[in-house]
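Trainee: Data: entry.csv, CSV, C-alpha atoms.
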```csv
chain,number,residue,atom,x,y,z
X,1,MET,CA,-2.5,46.7,-78.8
X,2,SER,CA,-2.5,43.4,-80.6
X,3,ALA,CA,-5.7,41.8,-81.6
X,4,ALA,CA,-6.2,38.1,-80.7
X,5,PRO,CA,-7.4,36.0,-83.6
X,6,ASP,CA,-11.2,35.9,-83.8
X,7,THR,CA,-11.6,32.2,-84.5
X,8,VAL,CA,-9.1,29.5,-83.7
X,9,LEU,CA,-9.2,26.0,-85.2
X,10,PHE,CA,-7.1,23.7,-82.9
X,11,VAL,CA,-5.9,20.6,-84.7
X,12,CYS,CA,-4.7,17.7,-82.6
X,13,THR,CA,-1.3,16.7,-83.8
X,14,THR,CA,-1.0,13.6,-81.7
X,15,CYS,CA,-4.1,11.7,-82.7
X,16,ARG,CA,-3.2,8.1,-83.7
X,17,ARG,CA,-5.4,6.5,-86.2
X,18,PRO,CA,-5.2,2.7,-86.5
X,19,THR,CA,-4.4,1.7,-90.1
X,20,GLY,CA,-6.1,-1.7,-89.7
X,21,ALA,CA,-2.9,-3.5,-90.4
X,22,ALA,CA,-2.1,-6.7,-88.6
X,23,ASP,CA,0.9,-5.2,-86.9
X,24,GLY,CA,-1.3,-2.7,-85.0
X,25,GLY,CA,0.1,0.2,-87.0
X,26,TYR,CA,-1.2,3.7,-87.0
X,27,ASP,CA,-0.7,7.0,-88.7
X,28,GLU,CA,-0.8,10.5,-87.3
X,29,PRO,CA,-2.8,12.6,-89.7
X,30,GLY,CA,-3.0,15.8,-87.6
X,31,PRO,CA,0.2,17.6,-88.6
X,32,ALA,CA,-0.5,17.3,-92.3
X,33,LEU,CA,-4.1,18.3,-91.8
X,34,ALA,CA,-3.0,21.4,-89.9
X,35,GLU,CA,-0.6,22.4,-92.7
X,36,ALA,CA,-3.2,21.9,-95.4
X,37,LEU,CA,-5.8,23.9,-93.4
X,38,GLY,CA,-3.3,26.7,-92.9
X,39,ALA,CA,-2.9,27.1,-96.6
X,40,ARG,CA,-6.7,26.8,-97.3
X,41,LEU,CA,-7.8,29.2,-94.6
X,42,ASP,CA,-5.1,31.9,-94.9
X,43,GLY,CA,-6.8,35.3,-94.7
X,44,SER,CA,-10.1,33.9,-93.7
X,45,GLY,CA,-10.0,35.1,-90.1
X,46,VAL,CA,-9.6,31.5,-88.9
X,47,THR,CA,-6.2,30.8,-87.3
X,48,ILE,CA,-4.9,27.3,-87.3
X,49,ALA,CA,-3.3,26.2,-84.0
X,50,PRO,CA,-1.7,22.7,-84.0
X,51,MET,CA,-2.0,21.3,-80.5
X,52,GLN,CA,-0.7,18.2,-78.8
X,53,CYS,CA,-3.6,16.2,-77.6
X,54,LEU,CA,-7.2,17.4,-77.3
X,55,SER,CA,-7.9,14.2,-75.2
X,56,ALA,CA,-10.3,12.9,-77.8
X,57,CYS,CA,-8.0,10.0,-78.5
X,58,LYS,CA,-10.8,7.6,-79.3
X,59,ARG,CA,-12.0,9.8,-82.1
X,60,PRO,CA,-9.0,10.5,-84.3
X,61,CYS,CA,-8.4,12.9,-86.0
X,62,ALA,CA,-9.9,15.6,-83.8
X,63,VAL,CA,-10.2,19.4,-84.2
X,64,ALA,CA,-11.8,22.1,-82.1
X,65,LEU,CA,-13.4,25.4,-83.1
X,66,LYS,CA,-13.3,28.2,-80.6
X,67,ALA,CA,-13.9,32.0,-80.6
X,68,PRO,CA,-14.6,34.6,-77.9
X,69,GLY,CA,-18.2,34.5,-76.7
X,70,LYS,CA,-19.1,31.5,-78.9
X,71,TRP,CA,-19.8,27.8,-78.2
X,72,THR,CA,-16.7,25.7,-78.6
X,73,TYR,CA,-17.1,22.6,-80.7
X,74,VAL,CA,-14.8,19.5,-80.7
X,75,VAL,CA,-15.2,17.3,-83.7
X,76,GLY,CA,-13.5,13.9,-84.3
X,77,ASP,CA,-13.5,11.0,-86.7
X,78,LEU,CA,-11.9,13.2,-89.4
X,79,ASP,CA,-9.8,12.1,-92.3
X,80,GLY,CA,-7.2,14.7,-93.2
X,81,VAL,CA,-7.6,14.2,-96.9
X,82,GLU,CA,-11.2,13.0,-97.4
X,83,HIS,CA,-12.7,15.6,-95.1
X,84,LEU,CA,-10.4,18.6,-95.8
X,85,ASP,CA,-13.0,20.5,-97.8
X,86,ASP,CA,-15.6,19.8,-95.0
X,87,VAL,CA,-13.3,21.2,-92.3
X,88,VAL,CA,-12.6,24.3,-94.3
X,89,ALA,CA,-16.3,24.8,-94.9
X,90,ALA,CA,-17.2,24.2,-91.3
X,91,ALA,CA,-14.6,26.6,-90.1
X,92,ARG,CA,-15.9,29.4,-92.4
X,93,LEU,CA,-19.5,28.8,-91.3
X,94,TYR,CA,-18.4,28.8,-87.6
X,95,HIS,CA,-16.5,32.0,-88.1
X,96,ALA,CA,-19.4,33.7,-89.8
X,97,SER,CA,-21.9,32.5,-87.1
X,98,ALA,CA,-23.1,34.7,-84.3
X,99,ASP,CA,-22.7,32.2,-81.5
X,100,GLY,CA,-20.8,29.3,-82.9
X,101,ILE,CA,-23.9,27.2,-83.6
X,102,VAL,CA,-24.2,26.4,-87.3
X,103,PRO,CA,-27.6,25.2,-88.2
X,104,TRP,CA,-27.7,21.4,-88.5
X,105,ARG,CA,-28.7,21.3,-92.2
X,106,GLU,CA,-25.9,23.7,-93.1
X,107,ARG,CA,-23.1,21.7,-91.5
X,108,PRO,CA,-20.9,19.5,-93.6
X,109,LEU,CA,-21.7,15.9,-92.8
X,110,PRO,CA,-18.6,15.1,-90.7
X,111,PHE,CA,-19.6,18.0,-88.4
X,112,ARG,CA,-23.0,16.5,-87.8
X,113,LYS,CA,-21.8,12.9,-87.1
X,114,GLY,CA,-18.5,13.7,-85.6
X,115,VAL,CA,-19.3,16.0,-82.7
X,116,VAL,CA,-17.4,14.9,-79.7
X,117,ALA,CA,-18.6,17.6,-77.3
X,118,ARG,CA,-19.6,21.3,-77.3
X,119,VAL,CA,-19.1,23.8,-74.5
X,120,PRO,CA,-20.9,27.1,-74.0
X,121,PRO,CA,-19.2,30.5,-73.7
X,122,LEU,CA,-18.6,31.7,-70.2
X,123,PRO,CA,-21.6,33.6,-68.8
X,124,GLY,CA,-21.0,37.4,-69.3
X,125,ALA,CA,-18.4,36.8,-72.0
X,126,ASP,CA,-19.0,38.9,-75.0
X,127,ARG,CA,-17.7,38.5,-78.5
X,128,SER,CA,-14.7,40.8,-78.1
X,129,THR,CA,-11.3,39.5,-77.1
X,130,PRO,CA,-9.6,40.9,-74.0
X,131,GLU,CA,-7.0,42.6,-76.3
X,132,THR,CA,-9.5,44.5,-78.3
X,133,ARG,CA,-11.4,45.7,-75.2
X,134,SER,CA,-8.4,47.1,-73.4
B,1,MET,CA,-18.7,46.6,-62.9
B,2,SER,CA,-19.8,43.0,-62.3
B,3,ALA,CA,-17.3,40.2,-62.1
B,4,ALA,CA,-18.0,37.1,-64.1
B,5,PRO,CA,-17.7,33.9,-62.3
B,6,ASP,CA,-14.1,32.6,-62.2
B,7,THR,CA,-14.8,28.9,-62.8
B,8,VAL,CA,-18.0,27.5,-64.4
B,9,LEU,CA,-19.0,23.9,-64.1
B,10,PHE,CA,-21.5,23.2,-66.9
B,11,VAL,CA,-23.7,20.2,-66.1
B,12,CYS,CA,-25.6,18.6,-69.0
B,13,THR,CA,-29.3,18.3,-68.0
B,14,THR,CA,-30.3,16.3,-71.1
B,15,CYS,CA,-27.9,13.3,-70.9
B,16,ARG,CA,-29.9,10.1,-71.1
B,17,ARG,CA,-28.4,7.1,-69.4
B,18,PRO,CA,-29.8,3.7,-70.3
B,19,THR,CA,-31.0,1.9,-67.2
B,20,GLY,CA,-30.3,-1.5,-68.8
B,21,ALA,CA,-34.0,-2.5,-68.5
B,22,ALA,CA,-35.5,-4.6,-71.3
B,23,ASP,CA,-37.9,-1.8,-72.2
B,24,GLY,CA,-34.9,0.4,-73.3
B,25,GLY,CA,-35.6,2.8,-70.5
B,26,TYR,CA,-33.3,5.6,-69.4
B,27,ASP,CA,-32.8,8.1,-66.6
B,28,GLU,CA,-31.7,11.7,-66.8
B,29,PRO,CA,-29.3,12.2,-63.9
B,30,GLY,CA,-28.1,15.7,-64.9
B,31,PRO,CA,-30.7,18.0,-63.1
B,32,ALA,CA,-30.2,16.2,-59.8
B,33,LEU,CA,-26.5,16.3,-60.1
B,34,ALA,CA,-26.5,20.0,-60.9
B,35,GLU,CA,-28.7,20.7,-57.8
B,36,ALA,CA,-26.5,18.6,-55.6
B,37,LEU,CA,-23.3,20.3,-56.9
B,38,GLY,CA,-24.8,23.7,-56.3
B,39,ALA,CA,-25.3,22.9,-52.7
B,40,ARG,CA,-21.8,21.4,-52.3
B,41,LEU,CA,-19.9,24.1,-54.1
B,42,ASP,CA,-21.7,27.1,-52.8
B,43,GLY,CA,-19.1,29.8,-51.9
B,44,SER,CA,-16.3,27.9,-53.6
B,45,GLY,CA,-15.8,30.2,-56.5
B,46,VAL,CA,-17.2,27.5,-58.8
B,47,THR,CA,-20.6,28.4,-60.4
B,48,ILE,CA,-22.9,25.6,-61.5
B,49,ALA,CA,-24.5,26.1,-64.9
B,50,PRO,CA,-27.1,23.5,-65.9
B,51,MET,CA,-27.0,23.3,-69.7
B,52,GLN,CA,-29.1,21.5,-72.3
B,53,CYS,CA,-26.8,19.1,-74.2
B,54,LEU,CA,-23.0,19.3,-74.3
B,55,SER,CA,-23.2,16.9,-77.3
B,56,ALA,CA,-21.4,14.2,-75.4
B,57,CYS,CA,-24.5,12.1,-75.6
B,58,LYS,CA,-22.6,8.8,-75.8
B,59,ARG,CA,-20.9,9.5,-72.5
B,60,PRO,CA,-23.7,10.3,-70.0
B,61,CYS,CA,-23.7,12.1,-67.6
B,62,ALA,CA,-21.3,14.8,-68.8
B,63,VAL,CA,-20.0,18.0,-67.3
B,64,ALA,CA,-17.5,20.7,-68.5
B,65,LEU,CA,-15.1,22.8,-66.4
B,66,LYS,CA,-14.2,26.2,-67.9
B,67,ALA,CA,-12.5,29.4,-66.7
B,68,PRO,CA,-11.0,32.4,-68.4
B,69,GLY,CA,-7.5,31.6,-69.7
B,70,LYS,CA,-7.6,28.0,-68.7
B,71,TRP,CA,-8.0,24.7,-70.6
B,72,THR,CA,-11.6,23.5,-70.8
B,73,TYR,CA,-12.3,19.9,-69.8
B,74,VAL,CA,-15.3,17.9,-70.8
B,75,VAL,CA,-15.8,14.8,-68.7
B,76,GLY,CA,-18.4,12.1,-69.1
B,77,ASP,CA,-19.4,8.6,-67.8
B,78,LEU,CA,-20.4,10.2,-64.5
B,79,ASP,CA,-22.9,8.8,-62.0
B,80,GLY,CA,-24.7,11.7,-60.2
B,81,VAL,CA,-24.6,9.9,-56.8
B,82,GLU,CA,-21.6,7.6,-56.9
B,83,HIS,CA,-19.2,10.3,-58.3
B,84,LEU,CA,-20.6,13.4,-56.6
B,85,ASP,CA,-17.6,13.7,-54.2
B,86,ASP,CA,-15.3,13.2,-57.2
B,87,VAL,CA,-16.9,16.0,-59.2
B,88,VAL,CA,-16.7,18.4,-56.2
B,89,ALA,CA,-13.1,17.6,-55.6
B,90,ALA,CA,-12.2,17.9,-59.3
B,91,ALA,CA,-14.0,21.3,-59.6
B,92,ARG,CA,-12.0,22.6,-56.6
B,93,LEU,CA,-8.7,21.4,-58.0
B,94,TYR,CA,-9.5,22.9,-61.4
B,95,HIS,CA,-10.5,26.2,-59.8
B,96,ALA,CA,-7.2,26.2,-57.8
B,97,SER,CA,-5.1,25.4,-60.8
B,98,ALA,CA,-3.2,28.0,-62.8
B,99,ASP,CA,-4.1,26.7,-66.3
B,100,GLY,CA,-6.9,24.2,-65.8
B,101,ILE,CA,-4.6,21.2,-66.0
B,102,VAL,CA,-4.7,19.2,-62.8
B,103,PRO,CA,-1.8,16.8,-62.5
B,104,TRP,CA,-2.9,13.2,-63.4
B,105,ARG,CA,-2.2,11.7,-60.0
B,106,GLU,CA,-4.2,14.3,-58.2
B,107,ARG,CA,-7.3,13.8,-60.3
B,108,PRO,CA,-10.2,11.9,-58.9
B,109,LEU,CA,-10.4,8.6,-60.9
B,110,PRO,CA,-13.5,9.5,-63.0
B,111,PHE,CA,-11.6,12.6,-64.2
B,112,ARG,CA,-8.8,10.4,-65.5
B,113,LYS,CA,-10.9,7.8,-67.2
B,114,GLY,CA,-13.8,9.9,-68.3
B,115,VAL,CA,-12.2,12.8,-70.2
B,116,VAL,CA,-14.2,13.3,-73.4
B,117,ALA,CA,-12.1,16.2,-74.7
B,118,ARG,CA,-10.1,19.2,-73.6
B,119,VAL,CA,-9.6,22.5,-75.4
B,120,PRO,CA,-6.9,25.1,-74.8
B,121,PRO,CA,-7.6,28.7,-73.9
B,122,LEU,CA,-7.6,31.1,-76.8
B,123,PRO,CA,-4.1,32.5,-77.7
B,124,GLY,CA,-3.6,35.8,-76.0
B,125,ALA,CA,-6.4,35.2,-73.5
B,126,ASP,CA,-5.4,36.0,-70.0
B,127,ARG,CA,-7.0,34.9,-66.7
B,128,SER,CA,-9.1,38.0,-66.3
B,129,THR,CA,-12.7,38.1,-67.4
B,130,PRO,CA,-13.8,40.8,-69.8
B,131,GLU,CA,-15.8,42.4,-67.0
B,132,THR,CA,-12.9,42.7,-64.6
B,133,ARG,CA,-10.7,44.3,-67.3
B,134,SER,CA,-13.0,47.0,-68.5
```
Reformat the file's structure so that it appears as structure tokens.
Mentor:
Amino acid sequence: MSAAPDTVLFVCTTCRRPTGAADGGYDEPGPALAEALGARLDGSGVTIAPMQCLSACKRPCAVALKAPGKWTYVVGDLDGVEHLDDVVAAARLYHASADGIVPWRERPLPFRKGVVARVPPLPGADRSTPETRS
Amino acid sequence: MSAAPDTVLFVCTTCRRPTGAADGGYDEPGPALAEALGARLDGSGVTIAPMQCLSACKRPCAVALKAPGKWTYVVGDLDGVEHLDDVVAAARLYHASADGIVPWRERPLPFRKGVVARVPPLPGADRSTPETRS
């Protein structure tokens, strides 16, 4: 019986962020952000899951917080260096929350301004994972 | 033992869509869209769930398709009348899909252009609901 991770932080690894250069260049901050988050959140109960494309391409770099029975949040407009502490803090707050909804005033600023979408848990879903219920 | 619904179509009931009038007016197409979808999808295996705010406020009107073990899709820029058939078709295709990913060419046009975000299923989640496993 293997327990599924309680909270998963998906990090889009294909987000392209325009650099503003005249040549139309871009960078892809996702992979480095995922690696940095993995180091920072080790042992926290939050598992980092690098993922190709969260379809929030207009809002790079994007991440999503998801856990059984909680609201899912997709957040974009993130800078992998400038906002690293904010993502770590937001992930810990989400993980500690009962329903995935972190009170507005407690959220790091990028998680107030950068919300791309949120989706409720499925009706009838509880906070256990299928693995821990079987 | 009660079975949770297999596919849920969340419909944002608080999306405000600017009417373009000089007075800055808006309409709220979500409630009517949810009601129309309920009639059209009755018995399809897709349950309509009106929901206050999916936090996709810049992309009214927004809906989200979610099912156990499948990718979740949030889609916006929807007109409750013009796109009603498209939403019905997309919900049926999503419900019939194995993983929630409907091939691009099969998707109704608003579900190609209007994707706000998508989120993978949790690692280890299968396609059963907690209720049907217990």
Trainee: Between B:Ser97, B:Arg92, B:Trp71, B:Arg105, which one has atoms that come closest to B:Pro120, using only C-alpha atoms?
Mentor: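 Counting only C-alpha atoms, the residue closest to B:Pro120 is B:Trp71.
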Trainee: Counting only C-alpha atoms, which residues of stretch 27-134 of chain B sit at most 7 Å from some atom of stretch 6-22 of chain B, and what is each one's closest atom pair with its distance in Å to one decimal, listed by chain and rising residue number, as a Markdown table?
Mentor:
```
| residue | atom | partner | partner_atom | distance |
| --- | --- | --- | --- | --- |
| B:Asp27 | CA | B:Arg17 | CA | 5.3 |
| B:Glu28 | CA | B:Arg16 | CA | 4.9 |
| B:Gly30 | CA | B:Thr13 | CA | 4.2 |
| B:Pro31 | CA | B:Thr13 | CA | 5.1 |
| B:Ala34 | CA | B:Val11 | CA | 5.9 |
| B:Gly45 | CA | B:Asp6 | CA | 6.4 |
| B:Val46 | CA | B:Thr7 | CA | 4.9 |
| B:Thr47 | CA | B:Val8 | CA | 4.9 |
| B:Ile48 | CA | B:Leu9 | CA | 5.0 |
| B:Ala49 | CA | B:Phe10 | CA | 4.6 |
| B:Pro50 | CA | B:Val11 | CA | 4.7 |
| B:Met51 | CA | B:Cys12 | CA | 5.0 |
| B:Gln52 | CA | B:Thr13 | CA | 5.4 |
| B:Cys53 | CA | B:Cys12 | CA | 5.4 |
| B:Leu54 | CA | B:Cys12 | CA | 5.9 |
| B:Cys57 | CA | B:Cys15 | CA | 5.9 |
| B:Pro60 | CA | B:Cys15 | CA | 5.2 |
| B:Cys61 | CA | B:Cys15 | CA | 5.5 |
| B:Ala62 | CA | B:Cys12 | CA | 5.7 |
| B:Val63 | CA | B:Val11 | CA | 4.5 |
| B:Ala64 | CA | B:Phe10 | CA | 5.0 |
| B:Leu65 | CA | B:Leu9 | CA | 4.7 |
| B:Lys66 | CA | B:Val8 | CA | 5.3 |
| B:Ala67 | CA | B:Thr7 | CA | 4.6 |
| B:Pro68 | CA | B:Asp6 | CA | 6.9 |
| B:His95 | CA | B:Thr7 | CA | 5.9 |
```
Trainee: Mind checking which residues fall within 8 Å of B:Val115, counting only C-alpha atoms, ignoring those fewer than 4 positions away in the same chain, and posting them as a VMD selection string?
Mentor: (chain X and resid 55 to 56) or (chain B and resid 73 to 76 111)
Trainee: Provide the atom CA of X:Arg40 to atom CA of X:Val87 distance in Å, to one decimal place.
Mentor: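 If I compute the distance from atom CA of X:Arg40 to atom CA of X:Val87, I get 10.0 Å.
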Trainee: So how far away is atom CA of B:Arg59 from atom CA of B:Ser44, in Å?
Mentor: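 Answer for the atom CA of B:Ser44 to atom CA of B:Arg59 separation: 26.8 Å.
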Trainee: Calculate how many Å separate atom CA of X:Lys70 from atom CA of B:Tyr94, rounding to one decimal.
Mentor: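 Pair atom CA of X:Lys70 / atom CA of B:Tyr94 returns 21.7 Å.
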Trainee: Select, from X:Glu82, X:Arg107, X:Asp99, X:Thr72, the residue with the minimum atom-to-atom distance to chain B, counting all atoms listed in the file.
Mentor: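 Checking each candidate against chain B, we get X:Thr72 as the closest.
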Trainee: Of the candidates B:Leu33, B:Val116, B:Leu41, B:Ala91, which shows the shortest atom-to-atom distance to chain X, using only C-alpha atoms?
Mentor: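 Looking only at the distances to chain X, the closest residue turns out to be B:Val116.
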Trainee: Taking only C-alpha atoms into account, name the residue in X:Gly24, X:Gly69, X:Gly80, X:Gly100 that is nearest to chain B.
Mentor: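 Of X:Gly24, X:Gly69, X:Gly80, X:Gly100, the one nearest chain B is X:Gly69, counting only C-alpha atoms.
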Trainee: Counting all atoms listed in the file, figure out which residue out of X:Lys58, X:Asp79, X:Trp104, X:Ala89 gets nearest to chain B.
Mentor: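 The shortest atom-to-atom distance to chain B comes from X:Lys58.
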